[in-house]
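File shown: run_2.tsv (TSV, C-alpha atoms).
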```
chain	number	residue	atom	x	y	z
A	1	MET	CA	17.24	-180.59	197.19
A	2	PRO	CA	18.98	-178.63	194.40
A	3	SER	CA	17.48	-178.85	190.92
A	4	GLY	CA	18.72	-180.25	187.63
A	5	LEU	CA	20.26	-183.44	189.03
A	6	SER	CA	17.60	-185.63	187.43
A	7	LEU	CA	15.91	-185.91	184.05
A	8	ALA	CA	12.60	-186.52	185.88
A	9	ALA	CA	10.93	-184.54	188.67
A	10	ASN	CA	7.47	-183.31	189.71
A	11	GLY	CA	5.81	-185.86	187.44
A	12	LEU	CA	7.68	-184.60	184.36
A	13	ARG	CA	10.44	-186.17	182.24
A	14	PHE	CA	12.93	-184.55	179.85
A	15	VAL	CA	13.14	-186.52	176.56
A	16	PRO	CA	15.63	-185.19	173.97
A	17	ALA	CA	15.53	-186.41	170.38
A	18	GLU	CA	19.33	-186.54	170.14
A	19	THR	CA	22.17	-186.58	172.66
A	20	TRP	CA	25.19	-186.59	170.31
A	21	PHE	CA	26.30	-183.55	168.32
A	22	GLU	CA	29.01	-182.91	165.76
A	23	LEU	CA	31.57	-180.30	166.77
A	24	GLY	CA	31.10	-176.92	165.07
A	25	VAL	CA	28.13	-178.04	162.96
A	26	PRO	CA	24.84	-176.16	163.51
A	27	ALA	CA	21.96	-178.52	164.20
A	28	THR	CA	18.22	-178.38	164.79
A	29	TRP	CA	17.50	-179.98	168.15
A	30	THR	CA	14.13	-181.03	169.53
A	31	PHE	CA	12.92	-182.42	172.82
A	32	GLU	CA	9.68	-183.18	174.66
A	33	ILE	CA	8.43	-183.04	178.23
A	34	ILE	CA	6.49	-186.18	179.14
A	35	ASP	CA	4.14	-186.55	182.11
A	36	ASP	CA	3.61	-189.58	184.37
A	37	ASN	CA	0.95	-190.94	182.02
A	38	GLY	CA	3.38	-190.96	179.10
A	39	ASP	CA	1.63	-188.02	177.44
A	40	ILE	CA	3.45	-185.09	175.85
A	41	VAL	CA	2.92	-181.89	177.82
A	42	THR	CA	1.69	-179.08	175.57
A	43	VAL	CA	0.76	-176.32	178.03
A	44	PHE	CA	3.46	-174.33	179.82
A	45	GLU	CA	3.37	-171.10	181.80
A	46	ASP	CA	5.47	-168.00	181.35
A	47	SER	CA	8.64	-167.67	183.45
A	48	HIS	CA	10.70	-164.48	183.19
A	49	GLY	CA	9.23	-163.65	179.81
A	50	GLU	CA	9.73	-167.09	178.23
A	51	LEU	CA	7.96	-170.45	178.23
A	52	ALA	CA	11.28	-172.27	178.72
A	53	HIS	CA	14.88	-171.43	179.52
A	54	LEU	CA	17.56	-173.82	178.29
A	55	ILE	CA	21.01	-173.66	179.91
A	56	LEU	CA	23.92	-175.60	178.39
A	57	VAL	CA	27.19	-175.93	180.31
A	58	ARG	CA	30.19	-178.15	179.72
A	59	ARG	CA	30.75	-180.34	182.75
A	60	ASP	CA	33.98	-178.51	183.63
A	61	LEU	CA	31.87	-175.29	183.72
A	62	THR	CA	34.01	-173.51	181.11
A	63	GLU	CA	31.36	-173.29	178.35
A	64	PHE	CA	27.93	-171.70	178.79
A	65	GLN	CA	24.88	-170.96	176.62
A	66	HIS	CA	21.44	-169.62	177.58
A	67	LEU	CA	18.81	-170.31	174.93
A	68	HIS	CA	15.03	-170.06	174.52
A	69	PRO	CA	13.49	-172.89	172.49
A	70	THR	CA	10.21	-172.47	170.64
A	71	LEU	CA	7.17	-174.59	171.46
A	72	GLU	CA	5.16	-176.21	168.68
A	73	THR	CA	1.47	-177.05	169.02
A	74	ASP	CA	2.16	-180.78	169.45
A	75	GLY	CA	4.41	-180.16	172.46
A	76	THR	CA	7.71	-180.42	170.59
A	77	TRP	CA	10.36	-177.92	171.70
A	78	ARG	CA	12.75	-176.81	168.96
A	79	ILE	CA	16.09	-175.00	168.81
A	80	GLU	CA	17.48	-173.99	165.44
A	81	ASN	CA	21.24	-173.68	164.76
A	82	LEU	CA	22.38	-175.22	168.01
A	83	GLU	CA	26.17	-175.30	167.81
A	84	PHE	CA	28.99	-176.40	170.12
A	85	SER	CA	32.41	-174.78	169.66
A	86	GLU	CA	34.24	-177.11	172.06
A	87	PRO	CA	34.04	-180.91	172.46
A	88	GLY	CA	33.06	-182.49	175.76
A	89	VAL	CA	30.18	-183.67	177.89
A	90	TYR	CA	27.55	-180.98	178.45
A	91	ARG	CA	24.72	-180.74	180.93
A	92	VAL	CA	21.48	-179.32	179.54
A	93	PHE	CA	19.03	-177.79	182.00
A	94	VAL	CA	15.47	-176.90	181.03
A	95	ASP	CA	13.53	-174.49	183.27
A	96	ILE	CA	9.74	-174.76	182.87
A	97	VAL	CA	6.54	-174.05	184.79
A	98	VAL	CA	3.66	-176.55	184.55
A	99	ASP	CA	0.48	-176.26	186.65
A	100	SER	CA	2.06	-173.32	188.52
A	101	ARG	CA	4.98	-175.51	189.64
A	102	PRO	CA	8.51	-174.45	188.55
A	103	THR	CA	10.67	-177.43	187.57
A	104	THR	CA	14.26	-177.79	186.39
A	105	LEU	CA	15.22	-181.00	184.57
A	106	GLY	CA	18.69	-182.00	183.38
A	107	HIS	CA	20.17	-184.29	180.74
A	108	ASP	CA	23.72	-184.93	179.45
A	109	VAL	CA	24.64	-184.50	175.78
A	110	PHE	CA	27.92	-185.34	174.07
A	111	VAL	CA	30.19	-183.62	171.58
A	112	PRO	CA	33.00	-186.02	170.49
A	113	GLY	CA	36.55	-184.75	170.06
A	114	GLU	CA	39.74	-184.10	171.95
A	115	MET	CA	38.72	-182.02	174.93
A	116	PRO	CA	41.25	-179.28	175.73
A	117	ALA	CA	42.00	-178.76	179.40
A	118	LYS	CA	40.86	-175.42	180.74
A	119	THR	CA	41.82	-174.22	184.19
A	120	ARG	CA	39.57	-172.20	186.47
A	121	PRO	CA	40.63	-170.07	189.41
A	122	ALA	CA	39.76	-171.24	192.92
A	123	ALA	CA	37.99	-167.93	193.37
A	124	SER	CA	37.29	-164.96	191.10
A	125	ARG	CA	35.26	-161.85	191.88
A	126	GLN	CA	36.05	-159.71	188.84
A	127	ALA	CA	35.32	-160.31	185.16
A	128	GLN	CA	35.52	-158.51	181.83
A	129	SER	CA	32.85	-158.76	179.12
A	130	GLN	CA	33.01	-156.60	176.01
A	131	ASN	CA	34.08	-153.18	177.35
A	132	TYR	CA	32.48	-153.69	180.77
A	133	ARG	CA	34.07	-154.68	184.06
A	134	ILE	CA	31.91	-156.60	186.51
A	135	GLU	CA	32.69	-157.16	190.19
A	136	LEU	CA	31.01	-159.38	192.79
A	137	ARG	CA	30.79	-157.14	195.86
A	138	THR	CA	29.42	-159.62	198.41
A	139	ASP	CA	32.13	-160.62	200.91
A	140	GLU	CA	30.51	-163.12	203.30
A	141	ILE	CA	28.79	-166.13	201.76
A	142	ALA	CA	27.81	-169.05	204.02
A	143	ALA	CA	26.07	-172.32	203.16
A	144	GLY	CA	22.45	-172.66	204.21
A	145	GLU	CA	21.92	-168.94	204.75
A	146	HIS	CA	20.16	-166.35	202.63
A	147	THR	CA	22.78	-164.30	200.79
A	148	GLN	CA	22.44	-161.05	198.91
A	149	LEU	CA	24.69	-161.25	195.84
A	150	MET	CA	25.61	-157.80	194.51
A	151	PHE	CA	27.36	-157.16	191.18
A	152	ASP	CA	28.64	-153.75	190.08
A	153	ILE	CA	29.00	-153.04	186.35
A	154	ARG	CA	31.22	-150.25	184.97
A	155	ASP	CA	32.64	-149.53	181.55
A	156	ASP	CA	36.37	-149.07	180.96
A	157	ASP	CA	36.06	-145.32	181.68
A	158	GLU	CA	34.43	-146.00	185.08
A	159	ARG	CA	31.10	-144.78	183.72
A	160	VAL	CA	28.00	-146.29	185.33
A	161	PRO	CA	25.96	-147.76	182.45
A	162	GLN	CA	22.21	-147.61	182.08
A	163	LEU	CA	20.85	-151.10	182.76
A	164	LYS	CA	18.13	-152.37	180.45
A	165	PRO	CA	15.71	-155.20	181.36
A	166	TYR	CA	16.69	-158.76	180.50
A	167	LEU	CA	14.11	-161.53	180.99
A	168	GLY	CA	11.90	-159.27	183.06
A	169	ALA	CA	14.63	-158.04	185.41
A	170	PHE	CA	17.92	-156.14	185.25
A	171	GLY	CA	19.96	-159.33	185.42
A	172	HIS	CA	19.84	-163.12	185.21
A	173	LEU	CA	22.07	-165.38	187.33
A	174	VAL	CA	22.75	-169.13	187.15
A	175	ALA	CA	24.71	-170.83	189.93
A	176	LEU	CA	26.09	-174.36	189.57
A	177	ARG	CA	27.82	-176.49	192.20
A	178	ASP	CA	31.16	-177.95	191.14
A	179	GLY	CA	31.21	-181.74	191.12
A	180	ASP	CA	27.57	-182.61	190.44
A	181	LEU	CA	26.34	-179.42	188.68
A	182	ALA	CA	23.45	-178.93	191.09
A	183	TYR	CA	21.44	-176.02	189.70
A	184	LEU	CA	20.43	-173.24	192.06
A	185	HIS	CA	17.37	-171.07	191.59
A	186	ILE	CA	18.50	-167.46	191.99
A	187	HIS	CA	15.95	-164.71	192.46
A	188	PRO	CA	16.55	-161.19	191.10
A	189	GLU	CA	15.91	-158.30	193.48
A	190	GLU	CA	14.61	-154.83	192.72
A	191	THR	CA	17.45	-152.85	191.16
A	192	ASP	CA	17.88	-149.19	190.26
A	193	PRO	CA	18.72	-149.15	186.52
A	194	GLU	CA	20.84	-146.02	187.05
A	195	SER	CA	23.05	-147.64	189.70
A	196	GLY	CA	24.99	-150.09	187.53
A	197	ARG	CA	24.33	-152.69	190.23
A	198	VAL	CA	22.30	-155.91	189.96
A	199	GLU	CA	21.32	-157.89	193.04
A	200	PHE	CA	20.05	-161.42	193.67
A	201	GLY	CA	18.85	-163.43	196.63
A	202	ALA	CA	20.42	-166.88	196.90
A	203	GLN	CA	20.92	-169.76	199.30
A	204	PHE	CA	23.80	-172.16	198.70
A	205	PRO	CA	22.90	-175.62	200.07
A	206	THR	CA	26.37	-176.88	201.04
A	207	PRO	CA	29.97	-175.73	201.37
A	208	GLY	CA	32.00	-176.21	198.22
A	209	ARG	CA	32.96	-174.55	195.00
A	210	TYR	CA	30.38	-172.87	192.77
A	211	ARG	CA	30.47	-171.08	189.44
A	212	LEU	CA	28.13	-168.14	188.82
A	213	PHE	CA	27.08	-167.03	185.33
A	214	LEU	CA	25.73	-163.47	185.24
A	215	GLN	CA	23.87	-161.97	182.28
A	216	ALA	CA	22.86	-158.31	182.13
A	217	LYS	CA	22.23	-155.58	179.54
A	218	PRO	CA	24.26	-152.44	180.32
A	219	ASP	CA	23.41	-149.78	177.71
A	220	GLY	CA	21.25	-152.45	176.06
A	221	ASN	CA	24.25	-154.72	175.29
A	222	LEU	CA	23.79	-158.30	176.48
A	223	ILE	CA	26.90	-159.46	178.37
A	224	THR	CA	27.76	-162.77	180.02
A	225	SER	CA	30.38	-163.11	182.75
A	226	SER	CA	31.42	-165.86	185.16
A	227	PHE	CA	32.65	-165.90	188.76
A	228	ASP	CA	34.04	-168.65	190.98
A	229	ILE	CA	33.36	-168.76	194.70
A	230	GLU	CA	34.52	-171.13	197.44
A	231	ILE	CA	32.19	-171.56	200.41
A	232	ASP	CA	34.02	-172.97	203.43
A	233	ARG	CA	31.13	-173.28	205.88
```

Take the structure in the file and give it back as structure tokens.
Amino acid sequence: MPSGLSLAANGLRFVPAETWFELGVPATWTFEIIDDNGDIVTVFEDSHGELAHLILVRRDLTEFQHLHPTLETDGTWRIENLEFSEPGVYRVFVDIVVDSRPTTLGHDVFVPGEMPAKTRPAASRQAQSQNYRIELRTDEIAAGEHTQLMFDIRDDDERVPQLKPYLGAFGHLVALRDGDLAYLHIHPEETDPESGRVEFGAQFPTPGRYRLFLQAKPDGNLITSSFDIEIDR
């Protein structure tokens, strides 16, 4: 079953202190992870260079943030200066590892205001971020099968940039299923930093529409780009 559809899984529960935020106002946000006994979990294991990864996406998949909260000794997780630039309903995913078991939990938060409509293409395989052009080079993607996702990164002069590590690999990819925001675990593959290409192994559980958020560091510059794919079978 895809991850992030529930606030509780694997004997753990995601408990945020607040779920409503004021538009454009930086806030300090805290949350806890509670076990089946009602105790606050205080011990977490490293995952891709961090104790927790926090992904925030608006439910129409047009807004995205990837943050790393800090853990206090009492088990409280804290994010300083959390800010939302657009109103709407957001899904917050927290990626953690407890007792050697990776878990993704999800919770909705709300930013009141008039939500502007944003359209997304049915499919998109090219993106621009800063002065870099990114292209998804994988043609055949089928549900239920292992897929190698390949992204090429070039600058505006067609130069192949030097890729620098980001979170222990040369790229980080989040895939979300349109409709329920099922969260897919994507695994980075070995990549030549001189190639300008980042690769991931993925398996999409069902046909449907998905949005991919790619983060990489060409020339040491962190970039974020998004791609839309439609899987027919």

Neighbouring residues of segment 75-80 of chain A were defined as those with any atom within 7 Å, considering only C-alpha atoms; residues of the same chain fewer than 6 positions away were excluded. Please report them as an mmCIF file with C-alpha atoms, in the coordinates of the input.
```cif
data_model
loop_
_atom_site.group_PDB
_atom_site.id
_atom_site.type_symbol
_atom_site.label_atom_id
_atom_site.label_comp_id
_atom_site.auth_asym_id
_atom_site.auth_seq_id
_atom_site.Cartn_x
_atom_site.Cartn_y
_atom_site.Cartn_z
ATOM 1 C CA ALA A 27 21.960 -178.520 164.200
ATOM 2 C CA THR A 28 18.220 -178.380 164.790
ATOM 3 C CA TRP A 29 17.500 -179.980 168.150
ATOM 4 C CA THR A 30 14.130 -181.030 169.530
ATOM 5 C CA PHE A 31 12.920 -182.420 172.820
ATOM 6 C CA GLU A 32 9.680 -183.180 174.660
ATOM 7 C CA ILE A 40 3.450 -185.090 175.850
ATOM 8 C CA VAL A 41 2.920 -181.890 177.820
ATOM 9 C CA THR A 42 1.690 -179.080 175.570
ATOM 10 C CA PRO A 69 13.490 -172.890 172.490
#
```

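Take atom CA of Glu18 of chain A and atom CA of Gly106 of chain A: the distance between them is 14.0 Å.
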
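Atom CA of Asp178 of chain A lies 21.1 Å from atom CA of Phe151 of chain A.
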
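Proximity to Ile33 of chain A was assessed for A:Ile55, A:Leu5, A:Ala175, A:Val97 counting only C-alpha atoms; the smallest distance is recorded for A:Val97.
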
Q.
Which residues are near segment 129-135 of chain A? Cut-off 10 Å, only C-alpha atoms, ignore same chain within fewer than 2 positions. Put them as an MDAnalysis selection string.
A. chainID A and resid 124:127 137:138 150:161 196:197 214 218 221:227

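When atom CA of Asp46 of chain A is paired with atom CA of Pro26 of chain A, their separation reads 27.6 Å.
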
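With distances restricted to only C-alpha atoms, A:Leu173 is the closest residue to Leu149 of chain A from A:Val98, A:Ala17, A:Leu173, A:Ala123.
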